[in-house]
Every structure is written in C-alpha cells, then in structure tokens.
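**Student:** run_34.txt (compact mmCIF, C-alpha atoms and all ligand atoms) pasted underneath:
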# COMPACT_ATOMS: atom_id res chain seq x y z
CA MET L 1 0.00 0.00 0.00
CA GLU L 2 1.20 3.56 -0.84
CA ARG L 3 2.25 5.40 2.29
CA LEU L 4 0.29 8.54 3.08
CA TRP L 5 3.34 10.80 2.96
CA THR L 6 3.37 10.50 -0.84
CA GLU L 7 0.09 12.41 -0.89
CA ASN L 8 1.97 15.43 0.42
CA LEU L 9 4.50 15.51 -2.40
CA ARG L 10 4.23 18.38 -4.85
CA ASP L 11 2.93 17.33 -8.25
CA ILE L 12 3.99 19.89 -10.82
CA GLU L 13 4.69 20.07 -14.57
CA PRO L 14 8.14 21.69 -14.89
CA TYR L 15 9.58 23.93 -17.60
CA VAL L 16 11.54 22.02 -20.25
CA PRO L 17 14.75 23.80 -21.33
CA GLY L 18 16.47 23.30 -24.72
CA GLU L 19 18.23 19.94 -24.88
CA GLN L 20 21.89 19.84 -23.79
CA SER L 21 23.69 17.11 -25.70
CA GLY L 22 26.88 15.41 -24.52
CA GLU L 23 27.88 14.86 -28.17
CA GLN L 24 31.02 16.69 -29.26
CA ASP L 25 30.60 17.62 -32.90
CA ILE L 26 27.01 18.84 -32.97
CA ILE L 27 25.92 22.26 -34.18
CA LYS L 28 23.87 23.52 -31.26
CA LEU L 29 21.25 26.05 -32.33
CA ASN L 30 18.55 25.13 -29.81
CA ALA L 31 19.03 27.14 -26.61
CA ASN L 32 19.76 30.69 -27.79
CA GLU L 33 23.28 30.49 -26.48
CA ASN L 34 25.99 32.76 -27.87
CA PRO L 35 28.37 31.04 -30.32
CA TYR L 36 31.27 33.32 -29.37
CA PRO L 37 33.37 33.05 -26.20
CA PRO L 38 32.85 35.41 -23.24
CA SER L 39 34.89 38.63 -23.19
CA PRO L 40 38.65 37.95 -22.89
CA LYS L 41 38.51 40.24 -19.84
CA ALA L 42 35.92 37.96 -18.20
CA GLN L 43 38.05 34.93 -19.04
CA GLU L 44 41.05 36.64 -17.47
CA ALA L 45 39.04 37.47 -14.33
CA ILE L 46 38.19 33.78 -13.94
CA ARG L 47 41.81 32.69 -14.53
CA ASN L 48 43.06 35.22 -11.98
CA PHE L 49 40.41 34.39 -9.40
CA ASP L 50 41.95 33.59 -6.02
CA THR L 51 40.45 30.18 -5.27
CA GLN L 52 41.51 30.52 -1.64
CA ALA L 53 38.76 33.13 -1.36
CA LEU L 54 36.14 30.47 -2.09
CA ARG L 55 36.06 29.38 1.54
CA PHE L 56 34.31 32.67 2.32
CA TYR L 57 30.73 33.43 1.38
CA PRO L 58 30.43 35.92 -1.47
CA ASN L 59 29.31 39.47 -0.80
CA ALA L 60 25.57 38.91 -0.33
CA ASN L 61 24.81 42.18 -2.09
CA ALA L 62 27.29 41.44 -4.96
CA THR L 63 28.08 45.14 -4.64
CA SER L 64 30.93 45.44 -7.17
CA LEU L 65 28.92 43.77 -9.95
CA LYS L 66 25.82 45.74 -9.02
CA GLN L 67 27.77 49.01 -9.19
CA ALA L 68 29.17 48.09 -12.64
CA ILE L 69 25.63 47.38 -13.91
CA ALA L 70 24.29 50.57 -12.32
CA ASP L 71 27.02 52.65 -14.02
CA TYR L 72 26.46 50.92 -17.35
CA TYR L 73 22.72 51.68 -17.34
CA HIS L 74 23.04 55.12 -15.68
CA VAL L 75 20.94 54.19 -12.64
CA GLY L 76 21.70 54.10 -8.92
CA ILE L 77 22.97 50.97 -7.19
CA LYS L 78 19.65 50.79 -5.29
CA ASN L 79 17.88 50.45 -8.63
CA VAL L 80 19.66 47.15 -9.40
CA PHE L 81 18.78 43.62 -8.28
CA LEU L 82 20.93 40.56 -9.06
CA GLY L 83 20.17 36.87 -9.24
CA ASN L 84 21.29 33.45 -10.38
CA GLY L 85 20.29 33.97 -14.01
CA SER L 86 17.25 35.98 -15.02
CA ASP L 87 15.11 32.89 -14.39
CA ASP L 88 15.94 33.33 -10.72
CA VAL L 89 15.34 37.09 -10.90
CA ILE L 90 11.94 36.63 -12.55
CA ALA L 91 10.96 33.84 -10.13
CA VAL L 92 11.74 36.19 -7.21
CA ALA L 93 9.81 38.97 -8.94
CA PHE L 94 6.73 36.73 -9.35
CA GLN L 95 6.77 35.96 -5.62
CA ALA L 96 7.56 39.51 -4.55
CA LEU L 97 5.42 41.58 -6.90
CA PHE L 98 2.47 39.45 -8.05
CA ASN L 99 0.31 39.08 -4.94
CA SER L 100 -3.09 40.12 -6.20
CA ASP L 101 -6.24 37.97 -6.39
CA LEU L 102 -6.59 39.19 -9.96
CA PRO L 103 -4.80 37.18 -12.64
CA ILE L 104 -1.46 38.36 -13.97
CA VAL L 105 -1.46 38.70 -17.75
CA PHE L 106 0.93 37.78 -20.58
CA PRO L 107 0.72 36.78 -24.25
CA ASP L 108 -0.35 33.24 -25.24
CA LEU L 109 2.83 32.78 -27.23
CA THR L 110 5.70 33.67 -24.96
CA TYR L 111 8.38 32.34 -22.63
CA SER L 112 6.92 29.06 -21.42
CA PHE L 113 8.42 29.43 -17.96
CA TYR L 114 5.80 32.05 -16.95
CA PRO L 115 2.87 29.64 -16.52
CA VAL L 116 5.16 27.24 -14.66
CA TRP L 117 6.01 29.88 -12.05
CA CYS L 118 2.32 30.75 -11.80
CA ALA L 119 1.57 27.11 -10.99
CA LEU L 120 4.46 26.86 -8.53
CA PHE L 121 3.56 30.04 -6.63
CA ASN L 122 -0.24 29.74 -7.00
CA ILE L 123 -0.55 32.92 -9.03
CA PRO L 124 -3.67 33.08 -11.24
CA TYR L 125 -2.95 34.10 -14.84
CA LYS L 126 -4.65 34.95 -18.08
CA ASN L 127 -3.30 34.97 -21.64
CA TYR L 128 -4.05 37.44 -24.42
CA PRO L 129 -3.53 35.88 -27.85
CA VAL L 130 -0.97 37.61 -30.05
CA GLY L 131 -2.26 38.62 -33.49
CA ASP L 132 -2.03 36.47 -36.62
CA ASP L 133 1.16 38.40 -37.34
CA PHE L 134 2.37 37.32 -33.85
CA ARG L 135 2.39 40.95 -32.67
CA ILE L 136 1.29 41.81 -29.12
CA ASN L 137 -1.67 44.17 -28.97
CA ALA L 138 -1.17 46.76 -26.21
CA GLU L 139 -4.95 47.44 -26.09
CA ASP L 140 -5.55 43.93 -24.65
CA TYR L 141 -3.65 44.99 -21.55
CA ARG L 142 -6.15 47.70 -20.57
CA GLU L 143 -8.18 45.21 -18.53
CA LYS L 144 -7.66 45.31 -14.75
CA ASN L 145 -5.07 42.70 -13.74
CA GLY L 146 -2.73 41.53 -10.98
CA GLY L 147 0.41 42.33 -12.95
CA VAL L 148 1.87 42.18 -16.45
CA ILE L 149 4.90 40.35 -17.83
CA ILE L 150 6.02 40.62 -21.44
CA PRO L 151 9.35 39.73 -23.02
CA ASN L 152 10.54 42.45 -25.37
CA PRO L 153 11.62 41.21 -27.85
CA ASN L 154 9.25 38.30 -27.39
CA ALA L 155 10.28 34.65 -27.49
CA PRO L 156 9.92 32.45 -29.46
CA THR L 157 8.50 34.88 -32.01
CA SER L 158 11.66 37.09 -32.08
CA LEU L 159 9.54 40.24 -32.54
CA GLY L 160 10.30 43.42 -30.63
CA GLU L 161 8.03 46.33 -29.74
CA GLY L 162 9.10 49.96 -29.54
CA ARG L 163 8.96 52.60 -26.83
CA ALA L 164 5.43 53.71 -27.79
CA PHE L 165 4.14 50.21 -27.04
CA VAL L 166 5.70 50.17 -23.56
CA GLU L 167 4.49 53.72 -22.82
CA LYS L 168 0.95 52.60 -23.73
CA LEU L 169 1.28 49.55 -21.51
CA MET L 170 2.37 51.75 -18.61
CA ASP L 171 -0.44 54.17 -19.26
CA TYR L 172 -3.02 51.35 -19.12
CA ASN L 173 -1.48 49.75 -16.03
CA ARG L 174 -0.97 52.46 -13.44
CA ASP L 175 -2.16 50.13 -10.67
CA SER L 176 -0.13 47.03 -11.56
CA VAL L 177 3.51 46.09 -11.66
CA VAL L 178 4.71 45.64 -15.24
CA ILE L 179 7.76 43.46 -15.93
CA ILE L 180 9.53 43.73 -19.26
CA ASP L 181 11.83 40.72 -19.77
CA GLU L 182 14.72 41.97 -21.92
CA ALA L 183 16.66 38.70 -22.24
CA TYR L 184 17.19 39.37 -25.97
CA VAL L 185 17.18 43.16 -26.18
CA ASP L 186 20.89 43.55 -27.03
CA PHE L 187 20.38 42.08 -30.50
CA GLY L 188 18.50 45.05 -31.90
CA GLY L 189 15.59 45.60 -29.53
CA GLU L 190 14.62 48.83 -27.79
CA SER L 191 15.34 48.84 -24.06
CA SER L 192 12.89 50.23 -21.52
CA VAL L 193 15.50 50.74 -18.79
CA GLU L 194 15.27 54.53 -19.17
CA LEU L 195 11.50 54.34 -18.56
CA THR L 196 12.06 52.85 -15.09
CA LYS L 197 12.95 56.42 -14.02
CA LYS L 198 9.55 57.61 -15.18
CA TYR L 199 7.40 54.70 -13.95
CA GLU L 200 7.91 53.40 -10.41
CA ASN L 201 5.87 50.28 -11.21
CA LEU L 202 8.06 49.17 -14.14
CA LEU L 203 10.68 46.45 -13.68
CA VAL L 204 13.07 45.55 -16.50
CA THR L 205 14.96 42.25 -16.34
CA GLY L 206 18.12 41.27 -18.21
CA THR L 207 20.65 38.47 -18.46
CA PHE L 208 24.33 37.78 -19.13
CA SER L 209 23.38 34.45 -20.73
CA LYS L 210 22.80 35.58 -24.31
CA SER L 211 24.61 38.77 -25.38
CA ARG L 212 27.45 38.28 -22.87
CA SER L 213 28.09 34.57 -23.57
CA LEU L 214 27.91 33.68 -19.86
CA ALA L 215 24.93 31.29 -19.70
CA GLY L 216 27.05 28.86 -17.68
CA LEU L 217 27.77 31.38 -14.91
CA ARG L 218 24.11 32.27 -14.29
CA ILE L 219 23.91 36.05 -13.92
CA GLY L 220 20.61 37.89 -14.23
CA PHE L 221 19.55 41.35 -13.13
CA ALA L 222 16.56 43.64 -12.75
CA ILE L 223 16.38 47.42 -12.90
CA GLY L 224 13.56 49.39 -11.34
CA SER L 225 12.52 51.92 -8.72
CA GLU L 226 14.06 51.68 -5.25
CA LYS L 227 10.65 50.60 -3.97
CA LEU L 228 10.42 47.58 -6.31
CA ILE L 229 14.08 46.62 -5.82
CA SER L 230 13.81 46.74 -2.02
CA VAL L 231 10.89 44.28 -2.13
CA LEU L 232 12.85 41.95 -4.43
CA GLU L 233 15.81 42.11 -2.00
CA ALA L 234 13.56 41.31 0.96
CA VAL L 235 12.08 38.25 -0.77
CA LYS L 236 15.47 37.04 -1.99
CA ASN L 237 16.92 37.43 1.48
CA SER L 238 14.02 35.38 2.82
CA TYR L 239 15.08 32.25 0.96
CA ASN L 240 18.72 32.49 -0.22
CA SER L 241 21.07 35.37 0.50
CA TYR L 242 23.84 34.18 -1.81
CA THR L 243 22.36 33.74 -5.26
CA VAL L 244 25.35 35.25 -7.09
CA ASP L 245 28.63 33.42 -6.47
CA ALA L 246 32.07 35.00 -6.02
CA VAL L 247 33.40 33.95 -9.45
CA SER L 248 30.32 35.33 -11.22
CA ILE L 249 30.73 38.66 -9.43
CA GLU L 250 34.28 39.08 -10.80
CA ALA L 251 33.67 37.72 -14.31
CA GLY L 252 30.37 39.55 -14.70
CA ARG L 253 31.98 42.84 -13.73
CA ALA L 254 34.83 42.31 -16.22
CA SER L 255 32.30 41.54 -18.95
CA ILE L 256 30.35 44.76 -18.30
CA LEU L 257 33.55 46.81 -18.40
CA ASP L 258 34.54 45.38 -21.82
CA ASP L 259 31.95 47.21 -23.88
CA ALA L 260 33.93 47.07 -27.14
CA TYR L 261 33.90 43.27 -27.19
CA PHE L 262 30.23 43.18 -26.22
CA LYS L 263 29.22 45.47 -29.08
CA GLN L 264 31.42 43.62 -31.55
CA THR L 265 29.90 40.17 -30.81
CA CYS L 266 26.33 41.48 -30.78
CA ASN L 267 26.88 43.15 -34.15
CA LYS L 268 28.45 40.00 -35.57
CA ILE L 269 25.38 37.97 -34.56
CA ILE L 270 23.02 40.59 -36.00
CA ARG L 271 24.88 40.52 -39.35
CA THR L 272 24.77 36.72 -39.48
CA ARG L 273 21.06 36.77 -38.59
CA GLU L 274 20.27 39.14 -41.44
CA ARG L 275 22.20 37.01 -43.93
CA VAL L 276 20.57 33.75 -42.76
CA THR L 277 17.12 35.36 -42.82
CA ALA L 278 17.60 36.48 -46.43
CA GLN L 279 18.86 33.07 -47.52
CA MET L 280 16.04 31.21 -45.77
CA ARG L 281 13.53 33.47 -47.51
CA GLU L 282 15.16 32.66 -50.84
CA LEU L 283 14.56 28.98 -50.01
CA GLY L 284 10.85 29.70 -49.62
CA PHE L 285 10.67 30.08 -45.85
CA THR L 286 8.64 32.69 -44.01
CA VAL L 287 10.99 34.21 -41.44
CA LEU L 288 9.80 36.82 -38.95
CA ASP L 289 11.82 40.05 -38.66
CA SER L 290 13.94 39.08 -35.68
CA GLN L 291 15.38 41.48 -33.12
CA THR L 292 16.96 38.60 -31.17
CA ASN L 293 19.77 36.05 -31.52
CA PHE L 294 17.38 33.53 -33.06
CA ILE L 295 14.95 33.37 -35.96
CA PHE L 296 11.44 31.95 -36.06
CA ALA L 297 10.56 30.32 -39.36
CA THR L 298 8.08 28.17 -41.24
CA ARG L 299 7.55 26.99 -44.81
CA ASP L 300 4.22 26.41 -46.53
CA GLY L 301 3.55 22.78 -47.37
CA MET L 302 6.49 21.48 -45.40
CA SER L 303 6.54 19.86 -41.95
CA MET L 304 8.83 21.78 -39.64
CA LYS L 305 8.74 18.91 -37.16
CA ASP L 306 10.12 16.59 -39.84
CA MET L 307 12.78 19.13 -40.78
CA PHE L 308 13.73 19.51 -37.10
CA GLU L 309 14.11 15.72 -36.86
CA TYR L 310 16.00 15.48 -40.16
CA LEU L 311 18.50 18.14 -39.03
CA LYS L 312 19.02 16.23 -35.79
CA THR L 313 20.20 13.22 -37.79
CA LYS L 314 22.74 15.62 -39.36
CA LYS L 315 23.83 16.65 -35.83
CA ILE L 316 22.22 20.07 -36.12
CA TYR L 317 19.98 20.86 -33.15
CA ILE L 318 17.27 23.50 -33.52
CA ARG L 319 14.08 23.94 -31.45
CA TYR L 320 10.59 22.74 -32.28
CA PHE L 321 7.57 23.43 -30.02
CA SER L 322 4.54 21.19 -30.13
CA VAL L 323 2.33 24.13 -29.19
CA PRO L 324 -0.95 25.24 -30.85
CA ARG L 325 -0.54 28.05 -33.43
CA ILE L 326 3.22 27.52 -33.77
CA ASP L 327 3.39 23.76 -34.29
CA ASN L 328 4.68 24.26 -37.80
CA TYR L 329 7.45 26.68 -36.86
CA VAL L 330 11.03 26.19 -35.79
CA ARG L 331 13.25 28.43 -33.69
CA ILE L 332 16.86 28.60 -34.83
CA THR L 333 19.58 30.18 -32.71
CA ILE L 334 22.12 32.22 -34.67
CA GLY L 335 25.52 30.49 -34.51
CA THR L 336 28.84 31.41 -36.10
CA ASP L 337 28.94 32.08 -39.84
CA ARG L 338 30.49 28.68 -40.41
CA GLU L 339 27.81 26.90 -38.35
CA MET L 340 25.06 28.75 -40.19
CA ASP L 341 26.58 27.83 -43.56
CA VAL L 342 26.44 24.14 -42.61
CA PHE L 343 22.87 24.65 -41.37
CA LEU L 344 21.83 26.36 -44.62
CA GLU L 345 23.50 23.68 -46.72
CA ASN L 346 21.50 20.99 -44.92
CA VAL L 347 18.24 22.94 -45.14
CA ARG L 348 18.86 23.41 -48.89
CA GLU L 349 19.38 19.66 -49.19
CA TYR L 350 16.19 18.97 -47.22
CA VAL L 351 14.07 21.39 -49.27
CA LYS L 352 15.23 19.66 -52.47
N1 LIG R 401 13.57 35.20 -20.42
C1 LIG R 401 13.47 34.67 -21.64
C2 LIG R 401 12.46 35.23 -22.57
C3 LIG R 401 14.29 33.60 -22.02
O1 LIG R 401 14.18 33.05 -23.22
C4 LIG R 401 15.25 33.11 -21.09
C5 LIG R 401 16.18 31.98 -21.48
N2 LIG R 401 15.62 30.71 -21.46
C6 LIG R 401 15.32 33.69 -19.82
C7 LIG R 401 14.47 34.74 -19.52
C8 LIG R 401 16.22 33.19 -18.74
O2 LIG R 401 17.57 33.19 -19.05
P1 LIG R 401 18.67 33.10 -17.92
O3 LIG R 401 18.07 32.44 -16.71
O4 LIG R 401 19.76 32.28 -18.51
O5 LIG R 401 19.08 34.50 -17.63
Now, as a test, write the supplied structure out as structure tokens.

**Tutor:**
Amino acid sequence: MERLWTENLRDIEPYVPGEQSGEQDIIKLNANENPYPPSPKAQEAIRNFDTQALRFYPNANATSLKQAIADYYHVGIKNVFLGNGSDDVIAVAFQALFNSDLPIVFPDLTYSFYPVWCALFNIPYKNYPVGDDFRINAEDYREKNGGVIIPNPNAPTSLGEGRAFVEKLMDYNRDSVVIIDEAYVDFGGESSVELTKKYENLLVTGTFSKSRSLAGLRIGFAIGSEKLISVLEAVKNSYNSYTVDAVSIEAGRASILDDAYFKQTCNKIIRTRERVTAQMRELGFTVLDSQTNFIFATRDGMSMKDMFEYLKTKKIYIRYFSVPRIDNYVRITIGTDREMDVFLENVREYVK
C-alpha cells in the first residue's frame, strides 16, 4: 500500500529547457546560447580568481557587480537587483510583486516558464492571444489585472516592440507592476531601462546568458525603482542570500567593463542573422523580422517537425515546439557564420 506521505508531495509540470547534448561535434542552435566566447577580460578574471577566497561566502549584495551594472545603465545601485540567471530574478519577482487575487497577464505565445512559475507560486494568470502576425496588442492589456509580464523582444516569435508600445502599456497599467523581460534586447531591440525612471511600477529584467556569452555562470539582473528593488531584495533574502557566487561577481563585472567586445559580438550575430534570414527566404521560408539572436521560421507545405528531426540526424539541433498556433514553426539560434553555412547547406538539401 502507498504510504500517506506520498500524498503530500508536490505534483507539478516543470519547464523544459532546450536539450543539452553530450555529443562533441554537434551544431547547437537550440538554446539561444551565444556562439562566441565570453569577453577575454571575463576569461582573465576567472583565470586570476583567487580560489583561496572560495572558503568565504560571497558578498551577499554582490556590490561590485551591481555598481558596474548601475554605471552601465546610468541608474543608482539601489535600482539594481541581481540573481542566479534571469530565471531566478523573474521567479523572485513573481513571488515579490504578483500578490493580487486578480490574474497576472501575458501573451499566449511567450516564454513558457511564466505559466510554470504561476503554478508553482499559486498565481492566477490569463493569456491574451498575439495577433495572426504574432504581434502583441497593447490594447488587450487595458483590462484590470494583478500584474503584467512581457518579453521584449518576445520569445519564441523574435519580434520586438518599440517605446510607444511600452508607454501605452504603462499608461493602461498604473495600478499594476509591469515586468519587461529583456533577455534578448541587445540584438537590436529597444530597451525600456530609461522608462524605469519615469514609472515606479516598471521592472526591466536582463541576463548575461545571451549577449554576454555567460549562460554557464548564471547572472541575471533587474532594474527598477528603489521601492520595487527593495521588495525583491527582501524576498530574496528570505530564501537564499547568496544567489550570485564570487566567481560570477568578478567575471560579470569584467564583462560589463569590456563594452567594445560586447558590441562587436552582438553586431556580428546581427549581421549573421540578417544574412541567414535572407537566404532562408530565398529557399521559400517565411521568417519573422527578428530582433533577437534567433529566428522563427516556417515553410508552406512542409513539416517543420520533420525538418527539425531530419536536421538532428545531421547533428544540427534547432528547437521545435509542439504548441498550438506555432506547431509548424522552428526556432533557430544564430551560430557562427560557419555553423550557419552548414545549417543552410542541410536545409537546402532537405528542401530539395
Ligand atoms: N527570459 C526569456 C524570454 C528567455 O528566453 C530566457 C532563457 N531561457 C530567460 C528569460 C532566462 O535566461 P537566464 O536564466 O539564462 O538568464
């Protein structure tokens, strides 16, 4: 007979991240990772790290990294929150800022972690469908709600919205906290960080995982009013004071200070994205106008699931979502030019 204690175990459907393969020679275009190495300055910071210092806890406030981020974005240190990747930052934000009985709201096609956190933290939610063109309609967000979260640019659609969209959203949501998830903004999106000075209820989140090639270190941040940040700090310090480790503090700071390298790699990825988009369109694909480090594509009369599986046999990993409305689309992370040439060659072969 089953013991009664099993009845008390949490039963929850978790988020499924992009597959990590142990295989050596694959072309990995499935998790929106950066194909270029982290800044040489960040690498140097890790090499020079005094491992003796690891016996001490890190600075719980990660002050030196926080100050570097504050300087970079021209905000005060009290306007910056740090976490173990932006997943951690957003999870803290859900717990800290979404405490209404009203549902929080986000688009139907978006980062699939949001509904998982809602389930985990018992937060009611409601989706507004994006348009047939996959654009988010700001007017939907006029309805009273318990909070708003929108990635800008959105994932997996790759589409970004401009400042006017965010201003509208803020205008319609004076009584709710609005979170803009800017995981992909550095690849051509429009950041709302500046607007956090105008709207005390706006929180912008960011990550070092994509544009700074540091997914493995897990550094995420949020920028907002001192009021919002102090609540995030209080919640974080109620479950884990040390979410950013000592090595990440040093390497993250070095990465922020190396702006030339950062701009150079982002621009390289943008150039490759534009070239791949054009070539995919020549092959008959519909490719959305991406402002991210990935593209979202489909092709009339062709199964994207089959193409995804075919490419896997060629050791090229892309992402396919078995989700209504987008179940004939694939999401392809932009790799190096060489990787994308091999990808295009195989797609050309498949289309034939
Ligand atoms: N937001 C969006 C929209 C994402 O796609 C991701 C990456 N899966 C994240 C946040 C979290 O990234 P990280 O935890 O690596 O900062």

**Student:** Using CA of Pro35 (chain L) and CA of Gly335 (chain L) as the two end points, give the distance in Å to one decimal.

**Tutor:** 5.1 Å

**Student:** Hey, which residues sit close to ligand LIG 401 (chain R)? Say within 6 Å, counting only C-alpha atoms and all ligand atoms, and write them as a PyMOL selection string.

**Tutor:** chain L and resi 85-87+111+151+155+181+183+207+209+215+220

**Student:** Determine the nearest neighbour of Met280 (chain L) from the options L:Ile12, L:Ile326, L:Ala91, L:Val347, counting all atoms listed in the file.

**Tutor:**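 Comparing L:Ile12, L:Ile326, L:Ala91, L:Val347 against Met280 (chain L), the winner is L:Val347.
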
**Student:** Taking (26.1, 31.3, -29.0) in the file's coordinates as the center, which residues reach within 9 Å of it, counting all atoms listed in the file, put as a list in words?

**Tutor:**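 The residues that fall inside the cut-off are Lys28, Leu29, Ala31, Asn32, Glu33, Asn34, Pro35, Tyr36, Pro37, Lys210, Ser211, Ser213, Ile269, Asn293, Thr333, Ile334, Gly335 and Thr336 of chain L.
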
**Student:** Include C-alpha atoms and write out the residues we just selected as an mmCIF file, in the frame of the given file.

**Tutor:**
data_model
loop_
_atom_site.group_PDB
_atom_site.id
_atom_site.type_symbol
_atom_site.label_atom_id
_atom_site.label_comp_id
_atom_site.auth_asym_id
_atom_site.auth_seq_id
_atom_site.Cartn_x
_atom_site.Cartn_y
_atom_site.Cartn_z
ATOM 1 C CA LYS L 28 23.870 23.520 -31.260
ATOM 2 C CA LEU L 29 21.250 26.050 -32.330
ATOM 3 C CA ALA L 31 19.030 27.140 -26.610
ATOM 4 C CA ASN L 32 19.760 30.690 -27.790
ATOM 5 C CA GLU L 33 23.280 30.490 -26.480
ATOM 6 C CA ASN L 34 25.990 32.760 -27.870
ATOM 7 C CA PRO L 35 28.370 31.040 -30.320
ATOM 8 C CA TYR L 36 31.270 33.320 -29.370
ATOM 9 C CA PRO L 37 33.370 33.050 -26.200
ATOM 10 C CA LYS L 210 22.800 35.580 -24.310
ATOM 11 C CA SER L 211 24.610 38.770 -25.380
ATOM 12 C CA SER L 213 28.090 34.570 -23.570
ATOM 13 C CA ILE L 269 25.380 37.970 -34.560
ATOM 14 C CA ASN L 293 19.770 36.050 -31.520
ATOM 15 C CA THR L 333 19.580 30.180 -32.710
ATOM 16 C CA ILE L 334 22.120 32.220 -34.670
ATOM 17 C CA GLY L 335 25.520 30.490 -34.510
ATOM 18 C CA THR L 336 28.840 31.410 -36.100
#

**Student:** In Å to one decimal, how far is CA of Glu143 (chain L) from CA of Asn127 (chain L)?

**Tutor:**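 These two atoms are separated by 11.8 Å.
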
**Student:** Find the residues around Ala119 (chain L) up to 12 Å (all atoms listed in the file counted), leave out those fewer than 3 positions away in its own chain, and share them as JSON, numbers by chain.

**Tutor:** {"L": [10, 11, 12, 13, 14, 15, 91, 94, 95, 112, 113, 114, 115, 116, 122, 123, 124, 125]}

**Student:** For Lys268 (chain L), which of L:Leu217, L:Ser248, L:Phe187, L:Asp341 is the closest residue, counting all atoms listed in the file?

**Tutor:**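 Ranked by minimum distance to Lys268 (chain L), first place goes to L:Phe187.
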
**Student:** Within 8 Å of Val204 (chain L), counting all atoms listed in the file, which residues show up once you throw out same-chain ones fewer than 6 positions away? Write them as a list in words, please.

**Tutor:**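 Close residues of Val204 (chain L): Ile179, Ile180, Asp181, Glu182, Ser192, Val193, Thr196, Ala222, Ile223 and Gly224 of chain L.
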
**Student:** Give the centre and edge lengths of an axis-aligned box, in Å to one decimal, that holds all listed atoms of region 51-65 of chain L with 5 Å on each side, as AutoDock Vina command-line options.

**Tutor:**
--center_x 33.2 --center_y 37.4 --center_z -3.8 --size_x 26.7 --size_y 26.1 --size_z 22.3

**Student:** Could you give me, as a ChimeraX atom specification, the residues within 8 Å of Asn79 (chain L), counting only C-alpha atoms and dropping anything in the same chain fewer than 3 positions from it?

**Tutor:** /L:70,75-76,223-226,229

**Student:** Could you name the residues that touch Leu311 (chain L) at 9 Å or less, counting all atoms listed in the file, but leaving out those on the same chain fewer than 6 positions away, as a list in words?

**Tutor:**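 After dropping sequence-adjacent residues, the list is Tyr317, Ile318, Phe343, Asn346, Val347 and Tyr350 of chain L.
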
**Student:** Choose the residue, out of L:Glu19, L:Asp50, L:Asp258, L:Asp327, that has the smallest atom-to-atom separation from Lys312 (chain L); count only C-alpha atoms.

**Tutor:** L:Glu19

**Student:** From the set L:Ser158, L:Asn145, L:Asn201, L:Thr292, which residue has the shortest atom-to-atom contact distance to Ser100 (chain L), counting all atoms listed in the file?

**Tutor:**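 The closest residue to Ser100 (chain L) is L:Asn145.
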
**Student:** Separation of CA of Lys66 (chain L) and CA of Tyr199 (chain L), in Å?

**Tutor:**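 These two atoms are separated by 21.1 Å.
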
**Student:** From the options L:His74, L:Lys198, L:Lys305, L:Arg253, which residue's atoms come nearest to Ala45 (chain L), counting only C-alpha atoms?

**Tutor:**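 The shortest atom-to-atom distance to Ala45 (chain L) comes from L:Arg253.
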
**Student:** Since fewer atoms than expected are present, regenerate all heavy atoms for region 123-128 of chain L and write them as a JSON list (two decimals), in the frame of the given file.

**Tutor:**
[["chain", "number", "residue", "atom", "x", "y", "z"],
["L", 123, "ILE", "N", -0.18, 31.61, -8.51],
["L", 123, "ILE", "CA", -0.55, 32.92, -9.03],
["L", 123, "ILE", "C", -1.53, 32.71, -10.19],
["L", 123, "ILE", "O", -1.18, 32.02, -11.16],
["L", 123, "ILE", "CB", 0.70, 33.70, -9.53],
["L", 123, "ILE", "CG1", 1.69, 33.91, -8.38],
["L", 123, "ILE", "CG2", 0.30, 35.03, -10.19],
["L", 123, "ILE", "CD1", 3.05, 34.42, -8.81],
["L", 124, "PRO", "N", -2.76, 33.25, -10.10],
["L", 124, "PRO", "CA", -3.67, 33.08, -11.24],
["L", 124, "PRO", "C", -3.15, 33.87, -12.45],
["L", 124, "PRO", "O", -2.51, 34.91, -12.26],
["L", 124, "PRO", "CB", -4.98, 33.68, -10.73],
["L", 124, "PRO", "CG", -4.60, 34.60, -9.62],
["L", 124, "PRO", "CD", -3.33, 34.08, -9.02],
["L", 125, "TYR", "N", -3.40, 33.36, -13.66],
["L", 125, "TYR", "CA", -2.95, 34.10, -14.84],
["L", 125, "TYR", "C", -3.96, 33.99, -15.97],
["L", 125, "TYR", "O", -4.82, 33.11, -15.99],
["L", 125, "TYR", "CB", -1.57, 33.65, -15.31],
["L", 125, "TYR", "CG", -1.52, 32.27, -15.97],
["L", 125, "TYR", "CD1", -1.66, 32.14, -17.36],
["L", 125, "TYR", "CD2", -1.31, 31.13, -15.20],
["L", 125, "TYR", "CE1", -1.59, 30.88, -17.96],
["L", 125, "TYR", "CE2", -1.24, 29.87, -15.80],
["L", 125, "TYR", "CZ", -1.38, 29.76, -17.18],
["L", 125, "TYR", "OH", -1.32, 28.52, -17.77],
["L", 126, "LYS", "N", -3.79, 34.92, -16.91],
["L", 126, "LYS", "CA", -4.65, 34.95, -18.08],
["L", 126, "LYS", "C", -3.79, 35.32, -19.29],
["L", 126, "LYS", "O", -2.88, 36.15, -19.16],
["L", 126, "LYS", "CB", -5.72, 36.03, -17.85],
["L", 126, "LYS", "CG", -6.67, 36.22, -18.99],
["L", 126, "LYS", "CD", -7.76, 37.23, -18.60],
["L", 126, "LYS", "CE", -8.61, 37.54, -19.81],
["L", 126, "LYS", "NZ", -9.74, 38.40, -19.50],
["L", 127, "ASN", "N", -4.07, 34.68, -20.43],
["L", 127, "ASN", "CA", -3.30, 34.97, -21.64],
["L", 127, "ASN", "C", -4.10, 35.81, -22.61],
["L", 127, "ASN", "O", -5.30, 35.62, -22.74],
["L", 127, "ASN", "CB", -2.95, 33.67, -22.39],
["L", 127, "ASN", "CG", -1.99, 32.80, -21.63],
["L", 127, "ASN", "OD1", -2.17, 31.59, -21.55],
["L", 127, "ASN", "ND2", -0.97, 33.40, -21.08],
["L", 128, "TYR", "N", -3.44, 36.74, -23.28],
["L", 128, "TYR", "CA", -4.05, 37.44, -24.42],
["L", 128, "TYR", "C", -3.37, 36.92, -25.68],
["L", 128, "TYR", "O", -2.13, 36.99, -25.78],
["L", 128, "TYR", "CB", -3.87, 38.95, -24.30],
["L", 128, "TYR", "CG", -4.60, 39.54, -23.12],
["L", 128, "TYR", "CD1", -3.91, 40.17, -22.10],
["L", 128, "TYR", "CD2", -5.99, 39.46, -23.03],
["L", 128, "TYR", "CE1", -4.58, 40.71, -21.01],
["L", 128, "TYR", "CE2", -6.67, 39.98, -21.94],
["L", 128, "TYR", "CZ", -5.96, 40.61, -20.94],
["L", 128, "TYR", "OH", -6.61, 41.12, -19.86]]
